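Okay, data.cif now, which holds mmCIF, N, CA and C atoms and all ligand atoms:
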data_data
#
loop_
_atom_site.label_atom_id
_atom_site.label_comp_id
_atom_site.auth_asym_id
_atom_site.auth_seq_id
_atom_site.Cartn_x
_atom_site.Cartn_y
_atom_site.Cartn_z
N MET G 27 43.68 -19.44 1.22
CA MET G 27 44.23 -18.23 0.61
C MET G 27 45.75 -18.35 0.47
N LEU G 28 46.27 -17.92 -0.63
CA LEU G 28 47.71 -18.02 -0.88
C LEU G 28 48.48 -17.03 -0.02
N ALA G 29 49.60 -17.50 0.49
CA ALA G 29 50.45 -16.61 1.26
C ALA G 29 51.01 -15.55 0.32
N ARG G 30 51.28 -14.41 0.87
CA ARG G 30 51.81 -13.31 0.07
C ARG G 30 53.08 -13.73 -0.69
N SER G 31 53.95 -14.50 -0.03
CA SER G 31 55.20 -14.91 -0.68
C SER G 31 54.91 -15.81 -1.89
N ALA G 32 53.86 -16.65 -1.77
CA ALA G 32 53.51 -17.53 -2.89
C ALA G 32 53.00 -16.72 -4.07
N VAL G 33 52.22 -15.70 -3.76
CA VAL G 33 51.69 -14.84 -4.83
C VAL G 33 52.84 -14.13 -5.54
N ILE G 34 53.77 -13.65 -4.75
CA ILE G 34 54.92 -12.95 -5.34
C ILE G 34 55.74 -13.91 -6.20
N ALA G 35 55.94 -15.14 -5.71
CA ALA G 35 56.71 -16.12 -6.48
C ALA G 35 55.99 -16.45 -7.79
N LEU G 36 54.67 -16.56 -7.73
CA LEU G 36 53.88 -16.86 -8.92
C LEU G 36 53.99 -15.73 -9.93
N LEU G 37 53.85 -14.51 -9.46
CA LEU G 37 53.97 -13.34 -10.33
C LEU G 37 55.36 -13.27 -10.94
N ALA G 38 56.37 -13.57 -10.12
CA ALA G 38 57.75 -13.48 -10.59
C ALA G 38 57.99 -14.51 -11.70
N SER G 39 57.48 -15.73 -11.52
CA SER G 39 57.72 -16.75 -12.55
C SER G 39 56.94 -16.43 -13.81
N THR G 40 55.75 -15.87 -13.67
CA THR G 40 54.96 -15.49 -14.84
C THR G 40 55.69 -14.39 -15.61
N PHE G 41 56.22 -13.44 -14.86
CA PHE G 41 56.92 -12.33 -15.49
C PHE G 41 58.15 -12.83 -16.25
N THR G 42 58.90 -13.76 -15.64
CA THR G 42 60.09 -14.31 -16.28
C THR G 42 59.73 -14.97 -17.61
N LEU G 43 58.60 -15.72 -17.58
CA LEU G 43 58.17 -16.43 -18.78
C LEU G 43 57.85 -15.43 -19.89
N VAL G 44 57.09 -14.40 -19.55
CA VAL G 44 56.70 -13.42 -20.55
C VAL G 44 57.93 -12.66 -21.06
N LYS G 45 58.78 -12.28 -20.11
CA LYS G 45 59.97 -11.52 -20.45
C LYS G 45 60.91 -12.34 -21.35
N GLY G 46 60.89 -13.66 -21.17
CA GLY G 46 61.81 -14.51 -21.92
C GLY G 46 61.41 -14.78 -23.34
N GLN G 47 60.21 -14.41 -23.72
CA GLN G 47 59.76 -14.70 -25.07
C GLN G 47 59.68 -13.44 -25.90
N ASN G 48 60.36 -13.49 -27.02
CA ASN G 48 60.35 -12.33 -27.91
C ASN G 48 59.94 -12.81 -29.30
N TYR G 49 59.21 -11.98 -30.01
CA TYR G 49 58.78 -12.33 -31.36
C TYR G 49 59.17 -11.21 -32.30
N GLY G 50 59.90 -11.58 -33.34
CA GLY G 50 60.31 -10.55 -34.28
C GLY G 50 60.60 -11.15 -35.65
N ASP G 51 60.90 -10.28 -36.58
CA ASP G 51 61.29 -10.72 -37.92
C ASP G 51 62.77 -11.08 -37.91
N VAL G 52 63.12 -12.05 -38.72
CA VAL G 52 64.51 -12.49 -38.81
C VAL G 52 64.99 -12.36 -40.25
N THR G 53 66.11 -11.69 -40.41
CA THR G 53 66.73 -11.53 -41.72
C THR G 53 68.19 -11.99 -41.59
N TYR G 54 68.97 -11.84 -42.66
CA TYR G 54 70.39 -12.18 -42.54
C TYR G 54 71.24 -11.15 -43.27
N TYR G 55 72.49 -11.09 -42.89
CA TYR G 55 73.40 -10.12 -43.46
C TYR G 55 74.81 -10.70 -43.48
N THR G 56 75.70 -10.01 -44.14
CA THR G 56 77.10 -10.44 -44.16
C THR G 56 77.84 -9.73 -43.04
N PRO G 57 78.25 -10.47 -42.01
CA PRO G 57 78.91 -9.83 -40.87
C PRO G 57 80.32 -9.34 -41.22
N GLY G 58 80.78 -8.40 -40.43
CA GLY G 58 82.15 -7.90 -40.54
C GLY G 58 82.58 -7.54 -39.14
N LEU G 59 83.09 -6.32 -38.99
CA LEU G 59 83.41 -5.84 -37.64
C LEU G 59 82.09 -5.45 -36.98
N GLY G 60 81.74 -6.14 -35.91
CA GLY G 60 80.47 -5.90 -35.24
C GLY G 60 80.58 -4.82 -34.18
N ALA G 61 79.42 -4.37 -33.72
CA ALA G 61 79.37 -3.34 -32.68
C ALA G 61 80.02 -3.83 -31.38
N CYS G 62 80.12 -5.15 -31.24
CA CYS G 62 80.76 -5.71 -30.04
C CYS G 62 82.28 -5.69 -30.14
N GLY G 63 82.79 -5.23 -31.29
CA GLY G 63 84.24 -5.03 -31.42
C GLY G 63 85.00 -6.22 -31.95
N ARG G 64 84.28 -7.21 -32.48
CA ARG G 64 84.97 -8.38 -33.00
C ARG G 64 84.56 -8.64 -34.45
N TYR G 65 85.46 -9.30 -35.18
CA TYR G 65 85.18 -9.62 -36.58
C TYR G 65 84.49 -10.97 -36.69
N ASN G 66 83.48 -11.02 -37.54
CA ASN G 66 82.80 -12.28 -37.79
C ASN G 66 82.63 -12.50 -39.29
N THR G 67 82.44 -13.75 -39.66
CA THR G 67 82.21 -14.09 -41.05
C THR G 67 80.84 -14.72 -41.21
N ALA G 68 80.47 -14.97 -42.47
CA ALA G 68 79.14 -15.48 -42.80
C ALA G 68 78.84 -16.83 -42.16
N THR G 69 79.86 -17.59 -41.81
CA THR G 69 79.62 -18.93 -41.28
C THR G 69 79.61 -18.98 -39.75
N ASP G 70 79.85 -17.83 -39.09
CA ASP G 70 79.80 -17.81 -37.62
C ASP G 70 78.34 -17.79 -37.16
N TYR G 71 78.09 -18.42 -36.03
CA TYR G 71 76.72 -18.44 -35.48
C TYR G 71 76.53 -17.20 -34.61
N ILE G 72 76.31 -16.07 -35.31
CA ILE G 72 76.17 -14.80 -34.59
C ILE G 72 74.89 -14.08 -35.01
N VAL G 73 74.52 -13.08 -34.21
CA VAL G 73 73.32 -12.30 -34.49
C VAL G 73 73.58 -10.83 -34.21
N ALA G 74 72.95 -9.97 -35.00
CA ALA G 74 72.87 -8.55 -34.70
C ALA G 74 71.48 -8.30 -34.15
N VAL G 75 71.39 -7.76 -32.94
CA VAL G 75 70.08 -7.45 -32.37
C VAL G 75 69.70 -6.03 -32.75
N ALA G 76 68.41 -5.75 -32.74
CA ALA G 76 67.91 -4.42 -33.10
C ALA G 76 68.58 -3.34 -32.25
N ALA G 77 68.87 -2.21 -32.88
CA ALA G 77 69.53 -1.10 -32.18
C ALA G 77 68.80 -0.76 -30.88
N GLN G 78 67.48 -0.76 -30.94
CA GLN G 78 66.67 -0.44 -29.77
C GLN G 78 66.96 -1.38 -28.59
N THR G 79 67.14 -2.65 -28.91
CA THR G 79 67.43 -3.65 -27.87
C THR G 79 68.87 -3.54 -27.41
N PHE G 80 69.78 -3.38 -28.37
CA PHE G 80 71.21 -3.26 -28.05
C PHE G 80 71.45 -2.05 -27.15
N ASP G 81 70.87 -0.92 -27.54
CA ASP G 81 71.16 0.35 -26.85
C ASP G 81 70.51 0.45 -25.48
N ASN G 82 69.48 -0.36 -25.25
CA ASN G 82 68.78 -0.29 -23.96
C ASN G 82 69.05 -1.49 -23.06
N TYR G 83 69.97 -2.35 -23.46
CA TYR G 83 70.23 -3.54 -22.66
C TYR G 83 70.77 -3.15 -21.29
N PRO G 84 70.25 -3.78 -20.23
CA PRO G 84 70.69 -3.40 -18.88
C PRO G 84 72.21 -3.50 -18.72
N GLY G 85 72.79 -2.48 -18.17
CA GLY G 85 74.23 -2.48 -17.91
C GLY G 85 75.06 -1.87 -19.02
N HIS G 86 74.39 -1.46 -20.11
CA HIS G 86 75.15 -0.88 -21.22
C HIS G 86 75.75 0.46 -20.81
N GLY G 87 76.88 0.80 -21.45
CA GLY G 87 77.49 2.11 -21.22
C GLY G 87 77.60 2.82 -22.54
N THR G 88 78.59 3.70 -22.66
CA THR G 88 78.73 4.42 -23.92
C THR G 88 79.56 3.63 -24.94
N ASN G 89 80.37 2.68 -24.48
CA ASN G 89 81.19 1.88 -25.38
C ASN G 89 80.45 0.61 -25.78
N PRO G 90 80.04 0.49 -27.06
CA PRO G 90 79.28 -0.70 -27.47
C PRO G 90 80.06 -2.01 -27.27
N ASN G 91 81.40 -1.91 -27.35
CA ASN G 91 82.22 -3.12 -27.21
C ASN G 91 82.05 -3.80 -25.86
N THR G 92 81.68 -3.01 -24.86
CA THR G 92 81.56 -3.58 -23.51
C THR G 92 80.11 -3.75 -23.09
N ASN G 93 79.18 -3.61 -24.04
CA ASN G 93 77.77 -3.82 -23.73
C ASN G 93 77.59 -5.28 -23.29
N PRO G 94 77.00 -5.52 -22.11
CA PRO G 94 76.86 -6.90 -21.64
C PRO G 94 75.97 -7.78 -22.51
N ILE G 95 75.28 -7.20 -23.49
CA ILE G 95 74.51 -8.05 -24.41
C ILE G 95 75.45 -8.79 -25.35
N CYS G 96 76.68 -8.27 -25.52
CA CYS G 96 77.66 -8.92 -26.39
C CYS G 96 78.00 -10.30 -25.85
N ASN G 97 78.01 -11.28 -26.73
CA ASN G 97 78.30 -12.69 -26.41
C ASN G 97 77.11 -13.41 -25.78
N GLN G 98 76.04 -12.71 -25.49
CA GLN G 98 74.85 -13.38 -24.95
C GLN G 98 74.37 -14.41 -25.97
N SER G 99 73.96 -15.57 -25.48
CA SER G 99 73.41 -16.58 -26.37
C SER G 99 71.91 -16.36 -26.54
N ILE G 100 71.47 -16.50 -27.76
CA ILE G 100 70.06 -16.37 -28.10
C ILE G 100 69.64 -17.59 -28.89
N GLN G 101 68.52 -18.18 -28.48
CA GLN G 101 67.98 -19.30 -29.25
C GLN G 101 66.79 -18.81 -30.03
N VAL G 102 66.82 -19.04 -31.35
CA VAL G 102 65.74 -18.60 -32.23
C VAL G 102 64.98 -19.83 -32.70
N ASN G 103 63.65 -19.77 -32.58
CA ASN G 103 62.80 -20.89 -32.99
C ASN G 103 61.86 -20.45 -34.10
N TYR G 104 61.78 -21.27 -35.15
CA TYR G 104 60.91 -20.93 -36.27
C TYR G 104 60.42 -22.21 -36.94
N GLN G 105 59.13 -22.41 -36.93
CA GLN G 105 58.49 -23.56 -37.57
C GLN G 105 59.20 -24.87 -37.28
N GLY G 106 59.43 -25.11 -35.99
CA GLY G 106 60.00 -26.38 -35.55
C GLY G 106 61.50 -26.49 -35.67
N LYS G 107 62.14 -25.45 -36.17
CA LYS G 107 63.60 -25.45 -36.26
C LYS G 107 64.16 -24.44 -35.28
N SER G 108 65.39 -24.66 -34.87
CA SER G 108 65.98 -23.69 -33.96
C SER G 108 67.48 -23.58 -34.18
N VAL G 109 67.99 -22.44 -33.79
CA VAL G 109 69.43 -22.20 -33.89
C VAL G 109 69.84 -21.33 -32.71
N THR G 110 71.03 -21.57 -32.20
CA THR G 110 71.56 -20.77 -31.09
C THR G 110 72.73 -19.94 -31.61
N VAL G 111 72.67 -18.66 -31.32
CA VAL G 111 73.66 -17.72 -31.84
C VAL G 111 74.15 -16.81 -30.71
N ALA G 112 75.29 -16.18 -30.92
CA ALA G 112 75.83 -15.25 -29.94
C ALA G 112 75.67 -13.82 -30.46
N VAL G 113 75.33 -12.90 -29.59
CA VAL G 113 75.18 -11.50 -30.00
C VAL G 113 76.56 -10.92 -30.31
N ALA G 114 76.71 -10.38 -31.52
CA ALA G 114 77.98 -9.81 -31.94
C ALA G 114 77.83 -8.41 -32.51
N ASP G 115 76.60 -8.01 -32.77
CA ASP G 115 76.43 -6.76 -33.53
C ASP G 115 75.08 -6.11 -33.20
N ARG G 116 74.97 -4.89 -33.68
CA ARG G 116 73.80 -4.04 -33.49
C ARG G 116 73.20 -3.81 -34.86
N CYS G 117 71.89 -4.06 -35.00
CA CYS G 117 71.23 -3.92 -36.29
C CYS G 117 70.55 -2.56 -36.37
N GLY G 118 71.21 -1.61 -37.05
CA GLY G 118 70.65 -0.27 -37.18
C GLY G 118 69.42 -0.24 -38.08
N GLY G 119 69.29 -1.21 -38.98
CA GLY G 119 68.18 -1.21 -39.93
C GLY G 119 67.03 -2.11 -39.54
N CYS G 120 67.06 -2.63 -38.31
CA CYS G 120 65.96 -3.49 -37.85
C CYS G 120 64.86 -2.62 -37.25
N PRO G 121 63.68 -2.56 -37.87
CA PRO G 121 62.63 -1.65 -37.38
C PRO G 121 62.03 -2.05 -36.04
N GLY G 122 61.86 -3.34 -35.81
CA GLY G 122 61.24 -3.79 -34.57
C GLY G 122 62.28 -4.09 -33.51
N ALA G 123 61.97 -3.81 -32.24
CA ALA G 123 62.93 -4.03 -31.16
C ALA G 123 63.31 -5.50 -31.04
N ALA G 124 62.43 -6.40 -31.47
CA ALA G 124 62.71 -7.83 -31.34
C ALA G 124 63.15 -8.46 -32.66
N ASP G 125 63.45 -7.62 -33.65
CA ASP G 125 63.93 -8.16 -34.92
C ASP G 125 65.39 -8.59 -34.78
N LEU G 126 65.76 -9.61 -35.53
CA LEU G 126 67.12 -10.14 -35.47
C LEU G 126 67.71 -10.22 -36.88
N ASP G 127 68.99 -9.95 -36.99
CA ASP G 127 69.72 -10.11 -38.24
C ASP G 127 70.78 -11.18 -38.01
N LEU G 128 70.62 -12.31 -38.66
CA LEU G 128 71.52 -13.45 -38.43
C LEU G 128 72.63 -13.52 -39.48
N SER G 129 73.67 -14.26 -39.18
CA SER G 129 74.65 -14.60 -40.21
C SER G 129 73.94 -15.53 -41.20
N PRO G 130 74.41 -15.56 -42.45
CA PRO G 130 73.77 -16.44 -43.44
C PRO G 130 73.71 -17.90 -43.00
N THR G 131 74.78 -18.40 -42.42
CA THR G 131 74.79 -19.81 -41.99
C THR G 131 73.78 -20.07 -40.89
N ALA G 132 73.66 -19.14 -39.94
CA ALA G 132 72.67 -19.32 -38.87
C ALA G 132 71.26 -19.26 -39.43
N PHE G 133 71.01 -18.32 -40.36
CA PHE G 133 69.69 -18.20 -40.99
C PHE G 133 69.30 -19.50 -41.69
N SER G 134 70.27 -20.12 -42.33
CA SER G 134 70.03 -21.36 -43.08
C SER G 134 69.56 -22.51 -42.21
N GLN G 135 69.83 -22.43 -40.91
CA GLN G 135 69.35 -23.49 -40.01
C GLN G 135 67.84 -23.38 -39.81
N LEU G 136 67.27 -22.22 -40.11
CA LEU G 136 65.84 -21.99 -39.89
C LEU G 136 65.04 -22.07 -41.19
N ALA G 137 65.62 -21.59 -42.27
CA ALA G 137 64.91 -21.56 -43.55
C ALA G 137 65.92 -21.34 -44.67
N ASP G 138 65.46 -21.57 -45.90
CA ASP G 138 66.31 -21.32 -47.05
C ASP G 138 66.55 -19.81 -47.17
N GLN G 139 67.76 -19.46 -47.55
CA GLN G 139 68.09 -18.03 -47.65
C GLN G 139 67.20 -17.31 -48.67
N SER G 140 66.65 -18.04 -49.64
CA SER G 140 65.79 -17.40 -50.65
C SER G 140 64.50 -16.85 -50.02
N VAL G 141 64.15 -17.35 -48.83
CA VAL G 141 62.96 -16.84 -48.13
C VAL G 141 63.19 -15.39 -47.71
N GLY G 142 64.43 -15.07 -47.36
CA GLY G 142 64.80 -13.68 -47.07
C GLY G 142 64.42 -13.15 -45.71
N ARG G 143 63.13 -13.20 -45.40
CA ARG G 143 62.66 -12.65 -44.12
C ARG G 143 61.69 -13.62 -43.47
N LEU G 144 61.94 -13.94 -42.22
CA LEU G 144 61.03 -14.80 -41.45
C LEU G 144 60.20 -13.89 -40.57
N HIS G 145 58.89 -14.11 -40.58
CA HIS G 145 58.01 -13.28 -39.77
C HIS G 145 57.67 -13.95 -38.46
N ASN G 146 57.68 -13.15 -37.40
CA ASN G 146 57.19 -13.62 -36.11
C ASN G 146 57.93 -14.85 -35.59
N ALA G 147 59.24 -14.85 -35.70
CA ALA G 147 60.04 -15.92 -35.12
C ALA G 147 60.14 -15.67 -33.61
N GLU G 148 60.19 -16.75 -32.85
CA GLU G 148 60.25 -16.62 -31.39
C GLU G 148 61.69 -16.80 -30.94
N TRP G 149 62.12 -16.00 -29.97
CA TRP G 149 63.50 -16.18 -29.46
C TRP G 149 63.60 -15.85 -27.98
N ASN G 150 64.62 -16.41 -27.38
CA ASN G 150 64.89 -16.21 -25.96
C ASN G 150 66.38 -16.08 -25.74
N TYR G 151 66.73 -15.40 -24.69
CA TYR G 151 68.11 -15.45 -24.21
C TYR G 151 68.26 -16.80 -23.51
N VAL G 152 69.36 -17.48 -23.75
CA VAL G 152 69.57 -18.79 -23.10
C VAL G 152 70.92 -18.82 -22.38
C1 LIG U 201 82.96 -11.38 -25.64
O1 LIG U 201 83.80 -12.50 -25.73
C2 LIG U 201 85.13 -12.19 -26.11
C3 LIG U 201 85.88 -13.50 -26.27
O2 LIG U 201 85.75 -14.30 -25.15
C4 LIG U 201 85.75 -11.27 -25.11
O3 LIG U 201 87.05 -10.89 -25.53
C5 LIG U 201 84.90 -10.01 -24.96
O4 LIG U 201 85.42 -9.21 -23.93
C6 LIG U 201 83.47 -10.37 -24.64
N1 LIG U 201 82.66 -9.15 -24.64
C7 LIG U 201 81.88 -8.83 -23.61
C8 LIG U 201 81.20 -7.51 -23.72
O5 LIG U 201 81.71 -9.54 -22.63
#
When written as structure tokens, how does the structure in this file appear?
Ligand SMILES: *[C@@H]1O[C@H](CO)[C@@H](O)[C@H](O)[C@H]1NC(C)=O
Amino acid sequence: MLARSAVIALLASTFTLVKGQNYGDVTYYTPGLGACGRYNTATDYIVAVAAQTFDNYPGHGTNPNTNPICNQSIQVNYQGKSVTVAVADRCGGCPGAADLDLSPTAFSQLADQSVGRLHNAEWNYV
């Protein structure tokens, strides 16, 4: 029989794995002044996370500029391609909590911009 501590460790690692995987739609936009309080351009490797995720991120306060999700690295994987981006903005128009809005250059690492929207891309905080 497994010791209680082993069961807890197993549950904890399973939870981490599940928690670390997110699936959402990926689009792109032209960045400007982001919710994190910094200016970005189309060629920066940045992402706007869904408002729902931005607003509920642990440790957030009333000032979006100091939300600890800002500058977090996210790796997005889609059909064998991947790109790592930093959180810079809040996507008010993203319907799903796990949807991401990338800079055009970051989006291009995953697919041609003419595709417009990627469905069910997988991503993790890294
Ligand atoms: C994000 O990084 C910039 C540049 O290092 C820094 O000025 C800013 O305070 C950081 N934001 C947060 C919320 O950590």
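Here atom CA of G:Asn103 stands at a distance of 29.7 Å from atom CA of G:Gly87.
Listed by chain and then residue number, the contacts of ligand LIG 201 (chain U) are Cys62, Gly63, Arg64, His86, Asn89, Pro90, Asn91, Thr92, Asn93, Pro94, Ile95, Cys96, Asn97, Gln98, Ala112, Val113 and Ala114 of chain G (distance at most 10 Å, using only C-alpha atoms and all ligand atoms).
Separating atom N of G:Leu136 from atom C of G:Thr67 is a distance of 15.5 Å.
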Using atom C of G:Ala123 and atom CA of G:Val73 as the two end points, give the distance in Å to one decimal. 12.6 Å
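Of the residues under consideration (G:Ala74, G:Val52, G:Ala61, G:Ala68), G:Ala74 shows the shortest atom-to-atom contact distance to G:Cys117 when counting only N, CA and C atoms.
With distances taken over all atoms listed in the file, G:Gln101 is the one residue among G:Thr69, G:Gln101, G:Ser134, G:Ser108 lying closest to G:Trp149.
With all atoms listed in the file as the basis for measurement, G:Ser99 is the residue among G:Pro84, G:Asn48, G:Pro121, G:Ser99 that approaches G:Val152 most closely.
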Report as a PyMOL selection string: the residues of chain G with a DSSP assignment of strand (DSSP E or B), based on the backbone of this structure. chain G and resi 48-54+59+65+72-76+99-104+107-117+126-128+144-151
DSSP helix (DSSP H, G or I) selection over stretch 37-103 of chain G, as an MDAnalysis selection string: chainID G and resid 37:46 77:82 90:92
Preceding selection exported with N, CA and C atoms as a PDB file, keeping the file's coordinate frame:
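Final output, again.pdb:
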ATOM      1  N   LEU G  37      53.850 -14.510  -9.460  1.00  0.00           N
ATOM      2  CA  LEU G  37      53.970 -13.340 -10.330  1.00  0.00           C
ATOM      3  C   LEU G  37      55.360 -13.270 -10.940  1.00  0.00           C
ATOM      4  N   ALA G  38      56.370 -13.570 -10.120  1.00  0.00           N
ATOM      5  CA  ALA G  38      57.750 -13.480 -10.590  1.00  0.00           C
ATOM      6  C   ALA G  38      57.990 -14.510 -11.700  1.00  0.00           C
ATOM      7  N   SER G  39      57.480 -15.730 -11.520  1.00  0.00           N
ATOM      8  CA  SER G  39      57.720 -16.750 -12.550  1.00  0.00           C
ATOM      9  C   SER G  39      56.940 -16.430 -13.810  1.00  0.00           C
ATOM     10  N   THR G  40      55.750 -15.870 -13.670  1.00  0.00           N
ATOM     11  CA  THR G  40      54.960 -15.490 -14.840  1.00  0.00           C
ATOM     12  C   THR G  40      55.690 -14.390 -15.610  1.00  0.00           C
ATOM     13  N   PHE G  41      56.220 -13.440 -14.860  1.00  0.00           N
ATOM     14  CA  PHE G  41      56.920 -12.330 -15.490  1.00  0.00           C
ATOM     15  C   PHE G  41      58.150 -12.830 -16.250  1.00  0.00           C
ATOM     16  N   THR G  42      58.900 -13.760 -15.640  1.00  0.00           N
ATOM     17  CA  THR G  42      60.090 -14.310 -16.280  1.00  0.00           C
ATOM     18  C   THR G  42      59.730 -14.970 -17.610  1.00  0.00           C
ATOM     19  N   LEU G  43      58.600 -15.720 -17.580  1.00  0.00           N
ATOM     20  CA  LEU G  43      58.170 -16.430 -18.780  1.00  0.00           C
ATOM     21  C   LEU G  43      57.850 -15.430 -19.890  1.00  0.00           C
ATOM     22  N   VAL G  44      57.090 -14.400 -19.550  1.00  0.00           N
ATOM     23  CA  VAL G  44      56.700 -13.420 -20.550  1.00  0.00           C
ATOM     24  C   VAL G  44      57.930 -12.660 -21.060  1.00  0.00           C
ATOM     25  N   LYS G  45      58.780 -12.280 -20.110  1.00  0.00           N
ATOM     26  CA  LYS G  45      59.970 -11.520 -20.450  1.00  0.00           C
ATOM     27  C   LYS G  45      60.910 -12.340 -21.350  1.00  0.00           C
ATOM     28  N   GLY G  46      60.890 -13.660 -21.170  1.00  0.00           N
ATOM     29  CA  GLY G  46      61.810 -14.510 -21.920  1.00  0.00           C
ATOM     30  C   GLY G  46      61.410 -14.780 -23.340  1.00  0.00           C
ATOM     31  N   ALA G  77      68.870  -2.210 -32.880  1.00  0.00           N
ATOM     32  CA  ALA G  77      69.530  -1.100 -32.180  1.00  0.00           C
ATOM     33  C   ALA G  77      68.800  -0.760 -30.880  1.00  0.00           C
ATOM     34  N   GLN G  78      67.480  -0.760 -30.940  1.00  0.00           N
ATOM     35  CA  GLN G  78      66.670  -0.440 -29.770  1.00  0.00           C
ATOM     36  C   GLN G  78      66.960  -1.380 -28.590  1.00  0.00           C
ATOM     37  N   THR G  79      67.140  -2.650 -28.910  1.00  0.00           N
ATOM     38  CA  THR G  79      67.430  -3.650 -27.870  1.00  0.00           C
ATOM     39  C   THR G  79      68.870  -3.540 -27.410  1.00  0.00           C
ATOM     40  N   PHE G  80      69.780  -3.380 -28.370  1.00  0.00           N
ATOM     41  CA  PHE G  80      71.210  -3.260 -28.050  1.00  0.00           C
ATOM     42  C   PHE G  80      71.450  -2.050 -27.150  1.00  0.00           C
ATOM     43  N   ASP G  81      70.870  -0.920 -27.540  1.00  0.00           N
ATOM     44  CA  ASP G  81      71.160   0.350 -26.850  1.00  0.00           C
ATOM     45  C   ASP G  81      70.510   0.450 -25.480  1.00  0.00           C
ATOM     46  N   ASN G  82      69.480  -0.360 -25.250  1.00  0.00           N
ATOM     47  CA  ASN G  82      68.780  -0.290 -23.960  1.00  0.00           C
ATOM     48  C   ASN G  82      69.050  -1.490 -23.060  1.00  0.00           C
ATOM     49  N   PRO G  90      80.040   0.490 -27.060  1.00  0.00           N
ATOM     50  CA  PRO G  90      79.280  -0.700 -27.470  1.00  0.00           C
ATOM     51  C   PRO G  90      80.060  -2.010 -27.270  1.00  0.00           C
ATOM     52  N   ASN G  91      81.400  -1.910 -27.350  1.00  0.00           N
ATOM     53  CA  ASN G  91      82.220  -3.120 -27.210  1.00  0.00           C
ATOM     54  C   ASN G  91      82.050  -3.800 -25.860  1.00  0.00           C
ATOM     55  N   THR G  92      81.680  -3.010 -24.860  1.00  0.00           N
ATOM     56  CA  THR G  92      81.560  -3.580 -23.510  1.00  0.00           C
ATOM     57  C   THR G  92      80.110  -3.750 -23.090  1.00  0.00           C
TER      58      THR G  92
END
With all atoms listed in the file as the counted atoms, please give the residues lying no more than 8 Å from G:Tyr71, apart from itself and same-chain residues fewer than 6 positions off, as a ChimeraX atom specification. /G:109-114,128-133
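With distances restricted to all atoms listed in the file, G:Gly122 is the closest residue to G:Asp51 from G:Gln135, G:Val141, G:Gly122, G:Phe80.
Among the candidates G:Gln78, G:Gly106, G:Asp115, G:Thr53, the residue lying nearest to G:Leu144 is G:Thr53 (atoms considered: all atoms listed in the file).
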Using only the atoms of stretch 52-55 of chain G listed in the file, plus 3 Å on each side, state the axis-aligned box centre and edge lengths in Å rounded to one decimal, as AutoDock Vina command-line options.
--center_x 69.0 --center_y -11.3 --center_z -41.1 --size_x 17.7 --size_y 8.4 --size_z 10.8
Write stretch 59-69 of chain G as an mmCIF file, in the frame of the given file, completed to N, CA, C and O atoms.
data_model
loop_
_atom_site.group_PDB
_atom_site.id
_atom_site.type_symbol
_atom_site.label_atom_id
_atom_site.label_comp_id
_atom_site.auth_asym_id
_atom_site.auth_seq_id
_atom_site.Cartn_x
_atom_site.Cartn_y
_atom_site.Cartn_z
ATOM 1 N N LEU G 59 83.090 -6.320 -38.990
ATOM 2 C CA LEU G 59 83.410 -5.840 -37.640
ATOM 3 C C LEU G 59 82.090 -5.450 -36.980
ATOM 4 O O LEU G 59 81.410 -4.538 -37.416
ATOM 5 N N GLY G 60 81.740 -6.140 -35.910
ATOM 6 C CA GLY G 60 80.470 -5.900 -35.240
ATOM 7 C C GLY G 60 80.580 -4.820 -34.180
ATOM 8 O O GLY G 60 81.681 -4.432 -33.776
ATOM 9 N N ALA G 61 79.420 -4.370 -33.720
ATOM 10 C CA ALA G 61 79.370 -3.340 -32.680
ATOM 11 C C ALA G 61 80.020 -3.830 -31.380
ATOM 12 O O ALA G 61 80.433 -3.031 -30.547
ATOM 13 N N CYS G 62 80.120 -5.150 -31.240
ATOM 14 C CA CYS G 62 80.760 -5.710 -30.040
ATOM 15 C C CYS G 62 82.280 -5.690 -30.140
ATOM 16 O O CYS G 62 82.979 -6.119 -29.212
ATOM 17 N N GLY G 63 82.790 -5.230 -31.290
ATOM 18 C CA GLY G 63 84.240 -5.030 -31.420
ATOM 19 C C GLY G 63 85.000 -6.220 -31.950
ATOM 20 O O GLY G 63 86.235 -6.237 -31.904
ATOM 21 N N ARG G 64 84.280 -7.210 -32.480
ATOM 22 C CA ARG G 64 84.970 -8.380 -33.000
ATOM 23 C C ARG G 64 84.560 -8.640 -34.450
ATOM 24 O O ARG G 64 83.471 -8.235 -34.870
ATOM 25 N N TYR G 65 85.460 -9.300 -35.180
ATOM 26 C CA TYR G 65 85.180 -9.620 -36.580
ATOM 27 C C TYR G 65 84.490 -10.970 -36.690
ATOM 28 O O TYR G 65 84.862 -11.918 -36.009
ATOM 29 N N ASN G 66 83.480 -11.020 -37.540
ATOM 30 C CA ASN G 66 82.800 -12.280 -37.790
ATOM 31 C C ASN G 66 82.630 -12.500 -39.290
ATOM 32 O O ASN G 66 82.653 -11.545 -40.062
ATOM 33 N N THR G 67 82.440 -13.750 -39.660
ATOM 34 C CA THR G 67 82.210 -14.090 -41.050
ATOM 35 C C THR G 67 80.840 -14.720 -41.210
ATOM 36 O O THR G 67 80.153 -15.007 -40.225
ATOM 37 N N ALA G 68 80.470 -14.970 -42.470
ATOM 38 C CA ALA G 68 79.140 -15.480 -42.800
ATOM 39 C C ALA G 68 78.840 -16.830 -42.160
ATOM 40 O O ALA G 68 77.674 -17.188 -41.985
ATOM 41 N N THR G 69 79.860 -17.590 -41.810
ATOM 42 C CA THR G 69 79.620 -18.930 -41.280
ATOM 43 C C THR G 69 79.610 -18.980 -39.750
ATOM 44 O O THR G 69 79.399 -20.037 -39.168
#
